[in-house]
Amino acid sequence: MARLWIVHREPRWRDALVTMAGSLDVLAGDPTDAARFDAAAPPRAVILGVAGDFEAELEFAYRFAPRLARTAWVLLAHPLDAPEVARLFDALPATLVPIASDAAVLQRRVRDAIARKPAAALTTRHRRDAIAERFARWFGDLELPELLAATDPTRAAAPLVVRGEPGTGRGLLARYLHGVTAADAAVPFAAVACTSGADPLALLANLVPETGELPSAGPLTVCLEEVDQLAPAAQRVLRAVIETGAPTGRLRAARVRWIATAGDPHGDAGDCLDPDLARALAGFALRIPPLRERPAAIEAIASGMTRAFAASRGEPERHFDPAAVERLRTHPWPGNQRELEAVILRTLTATHVDPIAVGDLRFERLDLYSLEANGLDHQEGTESETAERDTMPIGMSVAARSRTPEPREVASDDVIRRLSAAVAHEVGNPLVGIRTYAAMLPSRFDDPEFRRQFAERVETDTRRIEAVIETLAQLGSLPAPERVPVDVSSMLARLLERERPRIRERRLVVLEEFDRTEPCALGDAEQLRFAFGLLLEQALGWMPERGDLYVATRHQGARDDGAPRMRILLRFHAPAGDGLGFGDNALAVAAVDAVVRAHRGSLVLESTAGGEATVLIELPAPQQAGEYAATR
């Protein structure tokens with residue numbers, strides 16, 4: 001087997017290079033005689049002399065480079081031709097050596113180029129080890145035949161798509177498979193964050209691998225993160241790039257290994273991945289099950305995280321007591337492994353106890369509206385109160401389950417600021433989608449499928465903008481609120497009855513706990529009906545199918561200021577990552593908040609890492625039960 005190929009169109013140069021090779025086993029020939037090399041085994045290195053019009057050399061490189069993935073290439077060219085050679089052979093992972101008049105200098109340059117081996121920097125080695133350790137912790141219990149096959153280095157060029165919910169480790173799995181199958185540690189990995197309005201060709205033209213700038217036009221792994229979030233037209237562009245290659249200047253690499261991550265095809269949102277793009281990526285198709293389908297893995301992941309935490313700080317390893325382990329097992333973990341690790345890290349950082357008890361666990365508590373901006377003094381509960389709150393059943397009384405916020409007058413410009421931000425978000429998003437399609441219209445007008453999608457997008461987004469305008473119109477038409485007793489318990493019961501068909505259709509469970517003895521708040525019945533109706537509509541929309549909703553009212557007696565209050569509580573589970581009060585629901589929440597503030601009340605929204613959302617409203621109440629006839 002020849003260890004070195006010497007390819008040059010001029011016999012005198014071939015002879016000189018063979019002499020220079022000395023005792024090495026050499027196969028030499030003319031680039032126009034490529035058949036001479038077809039049956040030969042891959043060599044350690046190829047010296048390709050570039051001369052004349054470069055056409056024969058380009059054809060030789062094009063023919064053999066894909067087969068010689070682990071071979072070192074050396075391009076030998078005249079110094080004056082070096083810039084043009086570098087441009088034409090941009091996709092070949094080669095070292096360019098200018099021809100030197102001194103034979104010894106030329107021999108040293110060629111020898112150094114052949115001997116040069118890419119080495120992984122220390123940061124790359126640390127990253128590789130950290131990925132391997134985390135992979136073992138997150139996926140040690142999984143037995144997926146497809147995953148085992150995907151780790152075979154001989155299949156390193158096969159495309160791959162990893163499906164699953166956010167937080168399940170799709171990106172981690174992609175990086176791990178790249179590391180164990182790449183030809184060498186220096187092959188770059190470039191992650192591309194795909195968003196709904198992104199231009200895929202622009203993304204590919206600006207790739208920056210995680211190891212730094214692309215060192216040469218060698219092999220490259222491109223990971224398309226959340227590829228199913230791209231618009232359908234953009235997904236079709238990507239499919240063409242994967243199947244036929246990127247346009248000139250868009251992606252500088254000799255060989256590209258395509259990896260993509262996408263949502264779970266069996267999830268509530270459905271499958272948004274273009275079927276043809278899925279087929280282009282179907283060398284391997286892996287689905288990572290969510291953590292709730294792998295309850296046995298929860299304790300192992302938590303224990304592995306504590307070991308890693310202790311090792312990184314030189315501390316003794318800590319453990320969880322049985323009750324804490326059971327609490328971790330029964331948590332729904334909508335954020336999957338990433339949420340679990342965040343809870344463990346927060347817990348280990350906040351306390352030094354061993355063993356770790358239920359009360360020590362730090363589940364995330366997030367005030368999605370700033371309590372300071374709402375005029376509320378936020379007091380964190382004690383550790384025991386936090387643990388008690390996290391384990392309380394849904395049916396427990398309102399008074400035992402929530403804090404008592406202290407309202408104050410809030411400037412009207414604060415309300416305007418919130419509404420303005422919400423409108424900007426909810427109108428801005430559909431406008432981005434319409435503009436994206438409009439920009440592509442001149443070049444895609446003859447495509448009937450594109451025209452159909454454009455029409456659907458315009459119809460959907462204009463309806464969304466119309467809904468925003470309708471909400472604003474209703475809100476703007478409300479006069480200064482009256483201050484008469486309003487039976488909010490009966491009002492909420494009737495609003496829930498109005499939503500009963502939707503509740504049955506989505507198989508939701510609604511638990512009601514209404515104060516019928518003192519059911520009134522002071523306010524404007526029409527405006528409160530508008531606010532509560534909007535709030536219930538949004539809550540039911542946020543909830544997953546078969547979810548549960550707890551609605552309660554409770555009269556609170558006179559406090560230090562002598563003013564009684566009526567409390568309204570909604571508690572339910574929202575999908576992971578669906579920020580309560582933000583996103584597509586921002587305007588509805590801002591409108592409800594504006595009505596409540598106009599009634600001299602307060603609104604607090606909270607969400608835990610587990611997806612449990614709480615909406616607490618307090619309104620002024622009459623001084624005595626039955627003092628006035630209530631408006632229902």
# chains A, B, ... in the order shown; residues from 1 in each chain; ligands from 1
call {"tool": "residues_around", "arguments": {"residues": "range 14-28 of chain A", "least_positions_apart": "3", "cutoff": "8 Å", "atoms": "only C-alpha atoms", "output": "JSON, numbers by chain"}}
result
{"A": [1, 2, 3, 4, 5, 6, 7, 8, 9, 10, 11, 107]}
call {"tool": "closest_residue", "arguments": {"among": "A:Pro145, A:Pro332, A:Pro355, A:Pro479", "to": "Glu612 in chain A", "atoms": "only C-alpha atoms"}}
result
A:Pro332
call {"tool": "atom_distance", "arguments": {"atom1": "CA of Ala323 in chain A", "atom2": "CA of Asp360 in chain A"}}
result
11.1 Å
call {"tool": "closest_residue", "arguments": {"among": "A:Leu535, A:Thr181, A:Asp548, A:Ala302", "to": "Leu587 in chain A", "atoms": "only C-alpha atoms"}}
result
A:Leu535
call {"tool": "residues_around", "arguments": {"residues": "Gly140 in chain A", "least_positions_apart": "6", "cutoff": "12 Å", "atoms": "only C-alpha atoms", "output": "PyMOL selection string"}}
result
chain A and resi 132-134+147+173+294+296-301+304
call {"tool": "closest_residue", "arguments": {"among": "A:Leu441, A:Leu291, A:Leu80, A:Val192", "to": "Glu339 in chain A", "atoms": "only C-alpha atoms"}}
result
A:Leu291
